[in-house]
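Coordinates as given in structure-v9.cif (mmCIF, C-alpha atoms):
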```cif
data_coords
loop_
_atom_site.label_atom_id
_atom_site.label_comp_id
_atom_site.auth_asym_id
_atom_site.auth_seq_id
_atom_site.Cartn_x
_atom_site.Cartn_y
_atom_site.Cartn_z
CA MET A 20 0.00 0.00 0.00
CA TYR A 21 2.90 2.34 0.59
CA PRO A 22 5.06 3.99 -2.07
CA TRP A 23 8.81 3.85 -1.81
CA LEU A 24 10.13 6.54 0.52
CA SER A 25 13.54 8.14 0.81
CA SER A 26 13.25 8.65 4.56
CA ILE A 27 14.63 6.36 7.27
CA ALA A 28 11.53 4.16 7.12
CA ILE A 29 10.57 2.55 3.84
CA LEU A 30 7.31 0.64 3.98
CA LEU A 31 6.71 -2.40 1.87
CA PHE A 32 5.61 -5.98 1.64
CA GLY A 33 8.09 -8.57 0.53
CA ALA A 34 8.84 -12.13 -0.41
CA GLY A 35 7.41 -15.06 1.45
CA ILE A 36 9.42 -17.70 3.23
CA THR A 37 9.50 -21.23 1.97
CA ALA A 38 11.81 -24.15 2.50
CA HIS A 39 13.89 -22.74 -0.36
CA ALA A 40 15.19 -19.32 0.71
CA GLY A 41 14.71 -16.70 -2.01
CA LEU A 42 11.67 -18.35 -3.54
CA VAL A 43 8.04 -17.39 -3.06
CA VAL A 44 5.72 -20.41 -3.02
CA PRO A 45 2.12 -19.22 -2.50
CA GLY A 46 0.16 -21.53 -0.24
CA ALA A 47 3.17 -23.34 1.21
CA THR A 48 3.87 -23.45 4.95
CA TRP A 49 6.32 -20.62 5.61
CA THR A 50 8.61 -20.96 8.61
CA ASP A 51 10.96 -18.66 10.51
CA THR A 52 14.63 -19.18 11.36
CA SER A 53 13.62 -21.32 14.35
CA GLY A 54 11.53 -23.61 12.17
CA ASN A 55 8.22 -22.34 13.53
CA VAL A 56 5.29 -21.49 11.29
CA ILE A 57 5.18 -17.74 10.63
CA GLN A 58 2.15 -16.19 12.31
CA ALA A 59 1.66 -12.75 10.75
CA HIS A 60 -1.73 -12.76 9.06
CA GLY A 61 -3.34 -9.65 7.61
CA GLY A 62 -0.03 -7.92 8.18
CA GLY A 63 2.22 -5.14 7.02
CA PHE A 64 5.91 -4.45 6.47
CA LEU A 65 8.37 -1.76 7.42
CA LYS A 66 11.99 -1.20 6.43
CA VAL A 67 14.31 0.59 8.84
CA GLY A 68 17.86 1.00 7.60
CA SER A 69 18.80 -2.39 6.18
CA THR A 70 16.35 -4.40 8.28
CA TYR A 71 12.82 -5.39 7.32
CA TYR A 72 10.02 -5.89 9.85
CA TRP A 73 6.86 -7.91 9.38
CA TYR A 74 3.83 -7.29 11.64
CA GLY A 75 0.74 -9.48 11.66
CA GLU A 76 -1.92 -11.37 13.56
CA ASP A 77 -0.73 -14.35 15.59
CA LYS A 78 -3.44 -16.97 15.02
CA SER A 79 -1.52 -19.93 16.49
CA HIS A 80 -4.34 -20.42 19.02
CA ASN A 81 -6.77 -20.99 16.10
CA SER A 82 -9.07 -18.22 17.30
CA GLY A 83 -10.16 -14.85 16.02
CA LEU A 84 -9.63 -13.34 19.47
CA PHE A 85 -6.52 -11.29 20.17
CA LYS A 86 -3.34 -13.11 21.09
CA ALA A 87 -0.58 -10.83 19.79
CA VAL A 88 0.66 -8.66 16.97
CA SER A 89 3.82 -10.48 16.01
CA CYS A 90 7.02 -8.86 14.79
CA TYR A 91 9.59 -10.58 12.57
CA SER A 92 12.87 -9.17 11.27
CA SER A 93 14.87 -10.00 8.18
CA PRO A 94 18.03 -8.76 6.49
CA ASP A 95 16.85 -9.85 3.04
CA MET A 96 13.06 -10.37 3.02
CA THR A 97 13.54 -14.13 2.72
CA THR A 98 14.79 -15.33 6.11
CA TRP A 99 12.69 -14.17 9.05
CA ALA A 100 13.48 -14.25 12.76
CA ARG A 101 10.69 -13.78 15.27
CA GLN A 102 11.29 -10.93 17.69
CA ASN A 103 9.31 -9.89 20.74
CA ASP A 104 5.62 -9.36 20.13
CA ALA A 105 4.89 -5.80 19.06
CA LEU A 106 1.52 -5.58 20.79
CA THR A 107 0.00 -7.86 23.43
CA PRO A 108 -3.37 -7.89 25.20
CA VAL A 109 -4.13 -5.33 27.91
CA SER A 110 -6.84 -6.48 30.31
CA GLY A 111 -9.74 -4.14 30.90
CA THR A 112 -9.26 -2.38 27.55
CA SER A 113 -10.47 -2.82 23.97
CA ILE A 114 -7.42 -5.00 23.23
CA SER A 115 -7.94 -7.69 25.87
CA THR A 116 -7.92 -11.40 25.09
CA SER A 117 -11.71 -11.15 24.72
CA ASN A 118 -11.40 -8.63 21.89
CA ILE A 119 -10.32 -8.59 18.26
CA VAL A 120 -7.19 -6.96 16.83
CA GLU A 121 -6.73 -7.39 13.07
CA ARG A 122 -4.74 -6.06 10.10
CA PRO A 123 -1.96 -4.19 11.95
CA LYS A 124 -0.07 -1.63 9.87
CA VAL A 125 2.93 0.42 11.03
CA ILE A 126 4.17 3.71 9.61
CA PHE A 127 7.05 5.91 10.74
CA ASN A 128 6.29 9.49 11.74
CA THR A 129 9.33 11.66 11.02
CA LYS A 130 7.91 14.63 12.94
CA ASN A 131 7.94 12.71 16.22
CA SER A 132 10.58 10.08 15.31
CA GLU A 133 7.97 7.49 16.28
CA TYR A 134 6.51 4.28 14.93
CA VAL A 135 2.71 4.35 14.82
CA MET A 136 0.60 1.21 14.55
CA TRP A 137 -3.01 1.25 13.37
CA PHE A 138 -5.30 -1.78 13.50
CA HIS A 139 -8.90 -2.91 13.32
CA SER A 140 -10.10 -2.93 16.94
CA ASP A 141 -13.33 -4.73 17.72
CA THR A 142 -15.47 -6.68 20.14
CA SER A 143 -15.82 -10.45 19.77
CA ASN A 144 -19.05 -10.08 17.77
CA TYR A 145 -17.64 -7.33 15.53
CA GLY A 146 -20.07 -4.84 17.02
CA GLY A 147 -17.40 -2.36 18.12
CA ALA A 148 -16.17 -1.51 14.60
CA MET A 149 -13.28 0.72 15.65
CA VAL A 150 -9.69 1.57 14.82
CA GLY A 151 -6.93 1.30 17.39
CA VAL A 152 -3.59 3.05 17.65
CA ALA A 153 -0.38 2.17 19.49
CA THR A 154 3.06 3.80 19.40
CA SER A 155 6.71 2.91 19.98
CA LYS A 156 10.16 4.45 19.64
CA THR A 157 11.54 1.20 18.19
CA PRO A 158 10.29 -0.95 15.28
CA CYS A 159 9.24 -4.03 17.30
CA GLY A 160 8.34 -2.10 20.42
CA PRO A 161 6.63 -3.32 22.46
CA TYR A 162 4.05 -0.72 21.46
CA THR A 163 2.09 1.33 23.97
CA TYR A 164 -1.64 1.14 23.35
CA LYS A 165 -3.28 4.58 23.12
CA SER A 166 -6.98 4.00 22.45
CA SER A 167 -9.69 2.61 20.18
CA TRP A 168 -12.52 4.63 18.65
CA ARG A 169 -14.71 5.09 15.60
CA PRO A 170 -13.05 7.49 13.14
CA LEU A 171 -15.15 10.64 12.78
CA GLY A 172 -17.84 8.74 14.67
CA ALA A 173 -18.36 6.16 11.91
CA GLU A 174 -17.82 2.40 11.95
CA SER A 175 -14.48 1.03 10.78
CA ARG A 176 -13.81 -2.67 10.30
CA ASP A 177 -11.29 -4.03 7.75
CA MET A 178 -8.74 -1.28 7.23
CA GLY A 179 -5.37 -0.35 5.80
CA LEU A 180 -3.03 2.62 5.61
CA PHE A 181 -1.50 4.49 2.68
CA LEU A 182 1.45 6.86 2.99
CA ASP A 183 1.74 9.22 0.03
CA ASP A 184 4.90 10.76 -1.46
CA ASP A 185 4.44 13.94 0.58
CA ALA A 186 4.26 11.95 3.87
CA THR A 187 0.51 12.50 4.14
CA ALA A 188 -1.04 9.35 5.58
CA TYR A 189 -4.54 8.01 4.94
CA LEU A 190 -6.83 5.50 6.63
CA LEU A 191 -8.62 3.13 4.22
CA TYR A 192 -11.62 1.47 5.84
CA ALA A 193 -14.90 -0.40 5.47
CA SER A 194 -17.58 1.66 7.16
CA ASP A 195 -21.33 1.87 7.78
CA ASN A 196 -21.93 -1.87 8.28
CA ASN A 197 -19.41 -2.56 5.50
CA GLN A 198 -21.62 -0.85 2.94
CA ASN A 199 -19.48 2.22 2.24
CA PHE A 200 -15.72 2.34 1.75
CA LYS A 201 -14.03 5.47 3.05
CA ILE A 202 -10.67 7.21 2.91
CA SER A 203 -9.72 9.71 5.62
CA ARG A 204 -6.56 11.77 6.04
CA LEU A 205 -4.53 11.35 9.23
CA ASP A 206 -3.29 14.23 11.35
CA ALA A 207 0.37 15.25 11.40
CA ASP A 208 1.17 12.89 14.30
CA TYR A 209 -0.65 9.92 12.66
CA TYR A 210 -2.66 9.57 15.89
CA ASN A 211 -6.11 10.34 14.50
CA VAL A 212 -8.03 11.13 11.33
CA SER A 213 -8.52 14.78 10.50
CA ALA A 214 -10.97 14.68 7.58
CA GLN A 215 -12.74 12.25 5.27
CA VAL A 216 -11.55 12.78 1.70
CA ASN A 217 -13.45 10.09 -0.23
CA VAL A 218 -16.22 7.52 -0.07
CA ILE A 219 -17.28 4.77 -2.48
CA SER A 220 -20.89 4.34 -1.52
CA GLY A 221 -22.58 0.95 -1.60
CA SER A 222 -19.34 -0.75 -2.62
CA THR A 223 -19.14 -3.38 0.18
CA LEU A 224 -15.33 -3.35 0.03
CA GLU A 225 -12.80 -4.49 2.62
CA SER A 226 -9.13 -5.58 2.98
CA PRO A 227 -7.79 -2.55 1.08
CA GLY A 228 -4.38 -1.62 -0.26
CA ILE A 229 -3.05 1.07 -2.59
CA ILE A 230 -0.18 1.18 -5.09
CA LYS A 231 0.68 4.50 -6.73
CA GLN A 232 2.07 4.19 -10.25
CA ASN A 233 2.93 7.18 -12.46
CA GLY A 234 0.65 9.50 -10.52
CA ILE A 235 -2.31 7.08 -10.58
CA TYR A 236 -3.64 5.54 -7.37
CA TYR A 237 -4.64 1.89 -7.72
CA LEU A 238 -6.94 0.75 -4.92
CA PHE A 239 -7.10 -3.02 -4.37
CA ALA A 240 -9.81 -4.57 -2.24
CA SER A 241 -12.04 -7.57 -1.80
CA HIS A 242 -15.77 -7.60 -1.36
CA THR A 243 -17.40 -8.91 1.81
CA SER A 244 -18.01 -12.67 2.01
CA GLY A 245 -16.86 -13.51 5.52
CA TRP A 246 -13.87 -15.85 5.59
CA ALA A 247 -14.69 -17.18 2.11
CA PRO A 248 -12.79 -15.78 -0.88
CA ASN A 249 -14.25 -13.63 -3.62
CA PRO A 250 -12.94 -11.97 -6.80
CA ASN A 251 -10.81 -9.06 -5.55
CA LYS A 252 -10.98 -5.84 -7.56
CA TYR A 253 -9.01 -2.73 -8.41
CA PHE A 254 -10.10 0.89 -8.87
CA THR A 255 -8.15 3.91 -10.13
CA THR A 256 -8.10 7.63 -9.51
CA SER A 257 -5.70 10.51 -10.14
CA SER A 258 -6.43 11.98 -6.70
CA LEU A 259 -7.51 10.36 -3.45
CA SER A 260 -10.18 13.05 -3.14
CA SER A 261 -11.55 12.40 -6.64
CA ALA A 262 -13.97 9.74 -7.85
CA PHE A 263 -12.61 6.25 -8.49
CA SER A 264 -13.13 4.31 -11.70
CA ALA A 265 -15.52 1.39 -11.91
CA GLN A 266 -14.19 -1.83 -10.41
CA ALA A 267 -12.19 -4.27 -12.54
CA ASP A 268 -10.74 -7.74 -11.94
CA ILE A 269 -7.14 -8.54 -11.05
CA ALA A 270 -7.63 -12.25 -11.82
CA PRO A 271 -10.25 -14.43 -13.56
CA PRO A 272 -13.38 -14.09 -11.39
CA ALA A 273 -14.02 -17.85 -11.20
CA VAL A 274 -10.80 -18.53 -9.25
CA ARG A 275 -11.80 -16.03 -6.52
CA THR A 276 -8.33 -14.44 -6.46
CA TYR A 277 -6.83 -17.94 -6.28
CA PHE A 278 -8.65 -18.54 -3.01
CA SER A 279 -7.23 -15.53 -1.20
CA GLN A 280 -8.12 -12.13 0.19
CA ASN A 281 -5.99 -9.05 -0.26
CA ALA A 282 -3.93 -7.98 2.74
CA TYR A 283 -1.39 -5.53 1.29
CA ASP A 284 0.03 -4.41 -2.03
CA MET A 285 3.62 -3.43 -2.77
CA PRO A 286 5.05 -1.43 -5.67
CA LEU A 287 7.86 -3.28 -7.45
CA GLY A 288 9.52 -1.26 -10.16
CA SER A 289 6.91 -0.74 -12.87
CA ASN A 290 4.90 -3.65 -11.46
CA GLY A 291 3.83 -4.73 -7.98
CA VAL A 292 3.21 -7.60 -5.59
CA TYR A 293 -0.19 -8.77 -4.39
CA MET A 294 -0.12 -10.18 -0.85
CA GLY A 295 -3.16 -12.11 0.30
CA ASP A 296 -4.26 -14.52 2.98
CA ARG A 297 -5.82 -17.90 2.26
CA TRP A 298 -8.03 -18.02 5.34
CA ARG A 299 -8.97 -21.31 6.97
CA PRO A 300 -11.49 -20.36 9.66
CA SER A 301 -11.59 -23.83 11.25
CA LEU A 302 -7.80 -23.68 11.73
CA LEU A 303 -6.89 -20.01 11.56
CA GLY A 304 -3.27 -20.69 12.51
CA SER A 305 -2.98 -22.82 9.36
CA SER A 306 -4.14 -20.01 7.07
CA ARG A 307 -1.56 -19.55 4.32
CA TYR A 308 0.03 -16.57 2.59
CA MET A 309 -0.78 -16.11 -1.10
CA TRP A 310 1.63 -13.66 -2.69
CA PHE A 311 1.82 -13.16 -6.45
CA PRO A 312 3.45 -10.75 -8.91
CA LEU A 313 1.17 -7.96 -10.09
CA SER A 314 1.99 -7.18 -13.70
CA TRP A 315 1.15 -3.94 -15.48
CA SER A 316 2.37 -5.31 -18.85
CA SER A 317 -1.16 -5.05 -20.27
CA GLY A 318 -1.50 -1.51 -18.96
CA VAL A 319 -3.58 -2.57 -15.95
CA PRO A 320 -2.66 -4.65 -12.88
CA GLN A 321 -3.17 -8.40 -13.24
CA ILE A 322 -2.05 -11.21 -10.94
CA VAL A 323 0.56 -13.51 -12.44
CA ASN A 324 -0.49 -16.97 -11.29
CA ALA A 325 2.95 -18.34 -10.42
CA ASP A 326 3.38 -21.54 -8.38
CA VAL A 327 7.01 -20.69 -7.65
CA TRP A 328 8.68 -17.33 -8.26
CA ASN A 329 11.59 -15.12 -7.25
CA LEU A 330 11.25 -11.61 -5.87
CA ASN A 331 14.16 -9.16 -6.04
CA VAL A 332 13.14 -6.11 -4.05
CA THR A 333 16.48 -4.36 -4.60
CA ALA A 334 16.23 -4.62 -8.37
CA GLY A 335 12.47 -4.10 -8.36
CA THR A 336 11.91 -7.23 -10.44
CA TYR A 337 10.39 -10.68 -10.28
CA SER A 338 10.92 -13.88 -12.25
CA VAL A 339 8.64 -16.89 -12.58
CA VAL A 340 10.22 -20.32 -12.14
CA THR A 341 9.38 -22.84 -14.87
CA GLY A 342 8.74 -26.51 -14.28
CA THR A 343 7.87 -29.74 -16.09
CA THR A 344 4.19 -30.57 -16.57
CA TYR A 345 2.79 -34.09 -16.25
CA GLU A 346 -0.85 -34.62 -17.22
CA ALA A 347 -2.81 -36.74 -14.75
CA GLU A 348 -4.40 -38.77 -17.56
CA SER A 349 -0.95 -39.92 -18.69
CA GLY A 350 -0.52 -41.95 -15.50
CA THR A 351 -1.70 -45.38 -14.39
CA LEU A 352 -5.14 -45.60 -12.77
CA SER A 353 -6.33 -48.22 -10.32
CA GLY A 354 -9.51 -48.93 -8.36
CA ASN A 355 -12.36 -46.54 -9.03
CA ALA A 356 -10.16 -43.78 -10.47
CA THR A 357 -11.83 -42.48 -13.62
CA ARG A 358 -11.02 -40.13 -16.49
CA LEU A 359 -13.23 -37.05 -16.56
CA SER A 360 -13.81 -34.70 -19.47
CA GLY A 361 -14.11 -30.94 -19.21
CA SER A 362 -13.13 -27.88 -21.22
CA SER A 363 -11.39 -26.31 -18.23
CA PHE A 364 -9.05 -29.28 -17.72
CA SER A 365 -5.59 -29.19 -19.26
CA GLY A 366 -5.85 -31.36 -22.34
CA GLY A 367 -9.58 -31.66 -21.70
CA THR A 368 -9.17 -34.50 -19.19
CA ALA A 369 -8.71 -34.95 -15.43
CA ILE A 370 -8.77 -37.92 -13.08
CA GLY A 371 -11.64 -38.25 -10.62
CA TYR A 372 -12.77 -40.69 -7.92
CA LEU A 373 -9.33 -40.66 -6.34
CA GLY A 374 -9.33 -42.03 -2.80
CA ASN A 375 -11.59 -44.70 -1.34
CA GLY A 376 -9.61 -47.25 -3.34
CA GLY A 377 -8.93 -45.13 -6.42
CA THR A 378 -5.28 -44.18 -7.05
CA LEU A 379 -3.11 -42.60 -9.72
CA THR A 380 0.58 -43.26 -10.38
CA LEU A 381 2.79 -40.90 -12.38
CA THR A 382 6.44 -41.23 -13.37
CA VAL A 383 8.37 -37.96 -13.09
CA GLN A 384 11.98 -36.88 -13.38
CA GLY A 385 14.01 -35.56 -10.44
CA THR A 386 17.47 -34.23 -9.64
CA ALA A 387 18.29 -35.80 -6.25
CA ALA A 388 16.91 -32.81 -4.38
CA ALA A 389 13.79 -31.41 -2.78
CA HIS A 390 11.37 -30.22 -5.46
CA TRP A 391 8.26 -28.10 -5.23
CA VAL A 392 5.40 -29.89 -6.92
CA ALA A 393 2.15 -28.07 -7.75
CA LEU A 394 -1.03 -30.16 -7.85
CA TYR A 395 -3.67 -28.69 -10.18
CA TYR A 396 -7.12 -29.88 -9.15
CA ALA A 397 -10.86 -29.13 -9.02
CA ASN A 398 -12.93 -29.39 -5.83
CA GLY A 399 -16.55 -28.44 -6.36
CA ASP A 400 -17.50 -29.05 -2.72
CA SER A 401 -18.14 -26.25 -0.28
CA SER A 402 -15.50 -27.73 2.04
CA TRP A 403 -11.84 -28.68 1.76
CA ARG A 404 -10.66 -32.08 0.59
CA ASN A 405 -7.17 -33.61 0.78
CA MET A 406 -4.96 -36.00 -1.14
CA THR A 407 -2.10 -38.26 -0.11
CA VAL A 408 1.13 -38.30 -2.13
CA SER A 409 3.98 -40.80 -1.81
CA VAL A 410 7.34 -40.96 -3.59
CA ASN A 411 8.86 -44.25 -4.74
CA GLY A 412 6.74 -46.29 -2.35
CA GLY A 413 7.68 -44.26 0.70
CA SER A 414 5.41 -42.83 3.36
CA SER A 415 2.61 -40.53 2.30
CA VAL A 416 2.17 -36.84 2.93
CA VAL A 417 -1.27 -35.25 3.03
CA VAL A 418 -1.93 -32.21 0.85
CA ASP A 419 -4.93 -30.01 1.66
CA GLN A 420 -7.17 -29.03 -1.25
CA PRO A 421 -9.39 -26.00 -0.60
CA ASP A 422 -12.68 -25.79 -2.45
CA THR A 423 -12.17 -24.26 -5.89
CA GLY A 424 -15.62 -22.76 -6.32
CA GLY A 425 -16.80 -25.29 -8.89
CA GLY A 426 -16.11 -28.69 -10.38
CA GLN A 427 -14.65 -27.09 -13.51
CA VAL A 428 -12.59 -24.43 -11.70
CA ILE A 429 -8.88 -25.27 -11.35
CA LEU A 430 -6.54 -24.19 -8.55
CA SER A 431 -3.10 -25.42 -7.50
CA VAL A 432 -1.57 -26.31 -4.15
CA PRO A 433 2.14 -26.90 -3.47
CA VAL A 434 3.88 -29.81 -1.80
CA GLN A 435 7.61 -30.30 -1.34
CA LEU A 436 8.88 -33.77 -2.28
CA THR A 437 12.40 -35.16 -2.25
CA LEU A 438 13.06 -36.86 -5.58
CA ARG A 439 16.01 -39.01 -6.58
CA SER A 440 18.01 -38.38 -9.73
CA GLY A 441 16.20 -39.72 -12.79
CA SER A 442 12.82 -41.45 -12.71
CA ASN A 443 10.52 -41.31 -9.68
CA THR A 444 7.11 -42.84 -9.07
CA LEU A 445 4.49 -40.60 -7.45
CA THR A 446 1.35 -42.26 -6.14
CA PHE A 447 -1.73 -40.17 -5.39
CA ALA A 448 -4.65 -40.92 -3.03
CA SER A 449 -3.36 -44.25 -1.80
CA GLY A 450 -4.48 -45.33 1.66
CA GLN A 451 -7.16 -42.69 2.12
CA SER A 452 -10.80 -43.60 2.67
CA ASN A 453 -12.14 -40.17 1.72
CA TYR A 454 -12.36 -38.90 -1.82
CA ALA A 455 -9.70 -36.43 -2.95
CA ALA A 456 -10.30 -33.63 -5.43
CA ASP A 457 -10.16 -34.33 -9.17
CA LEU A 458 -6.55 -34.11 -10.36
CA ASP A 459 -5.89 -32.27 -13.63
CA LYS A 460 -2.07 -32.20 -13.81
CA ILE A 461 1.06 -31.65 -11.76
CA ILE A 462 4.08 -29.41 -12.36
CA VAL A 463 7.47 -30.38 -10.93
CA TYR A 464 9.79 -27.45 -10.18
#
```
Structure rendered as structure tokens:
Amino acid sequence: MYPWLSSIAILLFGAGITAHAGLVVPGATWTDTSGNVIQAHGGGFLKVGSTYYWYGEDKSHNSGLFKAVSCYSSPDMTTWARQNDALTPVSGTSISTSNIVERPKVIFNTKNSEYVMWFHSDTSNYGGAMVGVATSKTPCGPYTYKSSWRPLGAESRDMGLFLDDDATAYLLYASDNNQNFKISRLDADYYNVSAQVNVISGSTLESPGIIKQNGIYYLFASHTSGWAPNPNKYFTTSSLSSAFSAQADIAPPAVRTYFSQNAYDMPLGSNGVYMGDRWRPSLLGSSRYMWFPLSWSSGVPQIVNADVWNLNVTAGTYSVVTGTTYEAESGTLSGNATRLSGSSFSGGTAIGYLGNGGTLTLTVQGTAAAHWVALYYANGDSSWRNMTVSVNGGSSVVVDQPDTGGGQVILSVPVQLTLRSGSNTLTFASGQSNYAADLDKIIVY
């Protein structure tokens, strides 16, 4: 959401952590330098000197209630060490363990030489609809909680911040029972809002972010559908106090932003990076980070659906890793596994009825190393499925398969497998009594 700044604090989002440092693998389990799963959902980033900081919601307790705003540090945006928590519950206040604290964003105020955190502050039933502010003299704090309130007396739920080139900061927020989306200017201290500058009435937008490119403001946001994904949109304007354009898609609508919701958006040279969360409300701590390149090559921002990619923040570039594709129908079927036809399937065919006795075996090539393997599948259920995968007759790993929004809608999920040099046999859905999703193809990276 923030442009590049020349001051001491440069705000940005960056590359995700995977088992291969330097790579971004959307949907993989990202871990810190201690091997623990990174808990920084709905978060934001800050650069101070040569160190990057990542703030987000700690959902390790699998609850929407407030546990902590985590703080991670990194020298390179690829290896993250967890620091002390930036913000922790304060009993008897609006940020107790019985309350909600979401979408923390931190900006640096040069006037006061102070780090200022804004967040969505709420009651457990989302009836409070407030913003909260906390401050610190150091990046990870701990931050001192100031207060929670409704900006200009109006509701505020999902929110973000945008810091413009002139150091003017803005609050971006869903207001009026999530019906109207508003933008309000912050005061010089970044402690409060001073005036509302824009409203998109009846838009039902949330989870906002802004990238400014060549004098144009690109607003990214999702619509409201609870924890479920929806097709995220973008809007444009030449001034934050002027009317925005009509909404437009950043990805094919059917894939619902590749089962994710926008959290933050980072400029990257002439392009950008979309950072989203793949929420899993039944296991919030297992929600995954879905970060993709945002390309302006067509003249408008579009997500590049990359299973594995490299992000070079210093150069302001990205590169997509290429892999080898193996069609599911080229493998050996057993049990009830069946070939399915459909125009959305690669090659027009996928394999269904996997699990409950139905299996698929594919022969793939490896290089005696750990490989990322993307499983392309369709799951028309309203709930998640899963699929077992084993290599060369070894033990199986279980890969979760979120619902894709339709039986002809294809998504991918990653799994890391250690392959030997030369030929390897991958067996899918063996030993599981439940049915897996229909498998279209795999790509080995």
Might you spell out which residues the PyMOL selection byres ((chain A and resi 271) around 12) would select in the displayed file, as a PDB file with C-alpha atoms, in the coordinates of the input?
```pdb
ATOM      1  CA  ASN A 249     -14.250 -13.630  -3.620  1.00  0.00           C
ATOM      2  CA  PRO A 250     -12.940 -11.970  -6.800  1.00  0.00           C
ATOM      3  CA  ASN A 251     -10.810  -9.060  -5.550  1.00  0.00           C
ATOM      4  CA  LYS A 252     -10.980  -5.840  -7.560  1.00  0.00           C
ATOM      5  CA  ALA A 267     -12.190  -4.270 -12.540  1.00  0.00           C
ATOM      6  CA  ASP A 268     -10.740  -7.740 -11.940  1.00  0.00           C
ATOM      7  CA  ILE A 269      -7.140  -8.540 -11.050  1.00  0.00           C
ATOM      8  CA  ALA A 270      -7.630 -12.250 -11.820  1.00  0.00           C
ATOM      9  CA  PRO A 272     -13.380 -14.090 -11.390  1.00  0.00           C
ATOM     10  CA  ALA A 273     -14.020 -17.850 -11.200  1.00  0.00           C
ATOM     11  CA  VAL A 274     -10.800 -18.530  -9.250  1.00  0.00           C
ATOM     12  CA  ARG A 275     -11.800 -16.030  -6.520  1.00  0.00           C
ATOM     13  CA  THR A 276      -8.330 -14.440  -6.460  1.00  0.00           C
ATOM     14  CA  TYR A 277      -6.830 -17.940  -6.280  1.00  0.00           C
ATOM     15  CA  PHE A 278      -8.650 -18.540  -3.010  1.00  0.00           C
ATOM     16  CA  GLN A 321      -3.170  -8.400 -13.240  1.00  0.00           C
ATOM     17  CA  ILE A 322      -2.050 -11.210 -10.940  1.00  0.00           C
ATOM     18  CA  VAL A 323       0.560 -13.510 -12.440  1.00  0.00           C
ATOM     19  CA  ASN A 324      -0.490 -16.970 -11.290  1.00  0.00           C
ATOM     20  CA  VAL A 428     -12.590 -24.430 -11.700  1.00  0.00           C
ATOM     21  CA  ILE A 429      -8.880 -25.270 -11.350  1.00  0.00           C
ATOM     22  CA  LEU A 430      -6.540 -24.190  -8.550  1.00  0.00           C
TER      23      LEU A 430
END
```
Result set of the PyMOL selection byres ((chain A and resi 146) around 12) on the coordinates above, as a compact mmCIF listing (two decimals) with C-alpha atoms, in the frame of the given file:
```
# COMPACT_ATOMS: atom_id res chain seq x y z
CA ASN A 118 -11.40 -8.63 21.89
CA ILE A 119 -10.32 -8.59 18.26
CA HIS A 139 -8.90 -2.91 13.32
CA SER A 140 -10.10 -2.93 16.94
CA ASP A 141 -13.33 -4.73 17.72
CA THR A 142 -15.47 -6.68 20.14
CA SER A 143 -15.82 -10.45 19.77
CA ASN A 144 -19.05 -10.08 17.77
CA TYR A 145 -17.64 -7.33 15.53
CA GLY A 147 -17.40 -2.36 18.12
CA ALA A 148 -16.17 -1.51 14.60
CA MET A 149 -13.28 0.72 15.65
CA ARG A 169 -14.71 5.09 15.60
CA GLU A 174 -17.82 2.40 11.95
CA SER A 175 -14.48 1.03 10.78
CA ARG A 176 -13.81 -2.67 10.30
CA ASP A 195 -21.33 1.87 7.78
CA ASN A 196 -21.93 -1.87 8.28
CA ASN A 197 -19.41 -2.56 5.50
```
Show me the residues around (13.2, -6.4, -7.5) - criterion: an atom at most 12 Å away, all atoms listed in the file counted - as a PDB file with C-alpha atoms, in the coordinates of the input.
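In the end it all went to part-v8.pdb:
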```pdb
ATOM      1  CA  PHE A  32       5.610  -5.980   1.640  1.00  0.00           C
ATOM      2  CA  GLY A  33       8.090  -8.570   0.530  1.00  0.00           C
ATOM      3  CA  ALA A  34       8.840 -12.130  -0.410  1.00  0.00           C
ATOM      4  CA  GLY A  41      14.710 -16.700  -2.010  1.00  0.00           C
ATOM      5  CA  ASP A  95      16.850  -9.850   3.040  1.00  0.00           C
ATOM      6  CA  MET A  96      13.060 -10.370   3.020  1.00  0.00           C
ATOM      7  CA  MET A 285       3.620  -3.430  -2.770  1.00  0.00           C
ATOM      8  CA  PRO A 286       5.050  -1.430  -5.670  1.00  0.00           C
ATOM      9  CA  LEU A 287       7.860  -3.280  -7.450  1.00  0.00           C
ATOM     10  CA  GLY A 288       9.520  -1.260 -10.160  1.00  0.00           C
ATOM     11  CA  SER A 289       6.910  -0.740 -12.870  1.00  0.00           C
ATOM     12  CA  ASN A 290       4.900  -3.650 -11.460  1.00  0.00           C
ATOM     13  CA  GLY A 291       3.830  -4.730  -7.980  1.00  0.00           C
ATOM     14  CA  VAL A 292       3.210  -7.600  -5.590  1.00  0.00           C
ATOM     15  CA  PRO A 312       3.450 -10.750  -8.910  1.00  0.00           C
ATOM     16  CA  TRP A 328       8.680 -17.330  -8.260  1.00  0.00           C
ATOM     17  CA  ASN A 329      11.590 -15.120  -7.250  1.00  0.00           C
ATOM     18  CA  LEU A 330      11.250 -11.610  -5.870  1.00  0.00           C
ATOM     19  CA  ASN A 331      14.160  -9.160  -6.040  1.00  0.00           C
ATOM     20  CA  VAL A 332      13.140  -6.110  -4.050  1.00  0.00           C
ATOM     21  CA  THR A 333      16.480  -4.360  -4.600  1.00  0.00           C
ATOM     22  CA  ALA A 334      16.230  -4.620  -8.370  1.00  0.00           C
ATOM     23  CA  GLY A 335      12.470  -4.100  -8.360  1.00  0.00           C
ATOM     24  CA  THR A 336      11.910  -7.230 -10.440  1.00  0.00           C
ATOM     25  CA  TYR A 337      10.390 -10.680 -10.280  1.00  0.00           C
ATOM     26  CA  SER A 338      10.920 -13.880 -12.250  1.00  0.00           C
TER      27      SER A 338
END
```
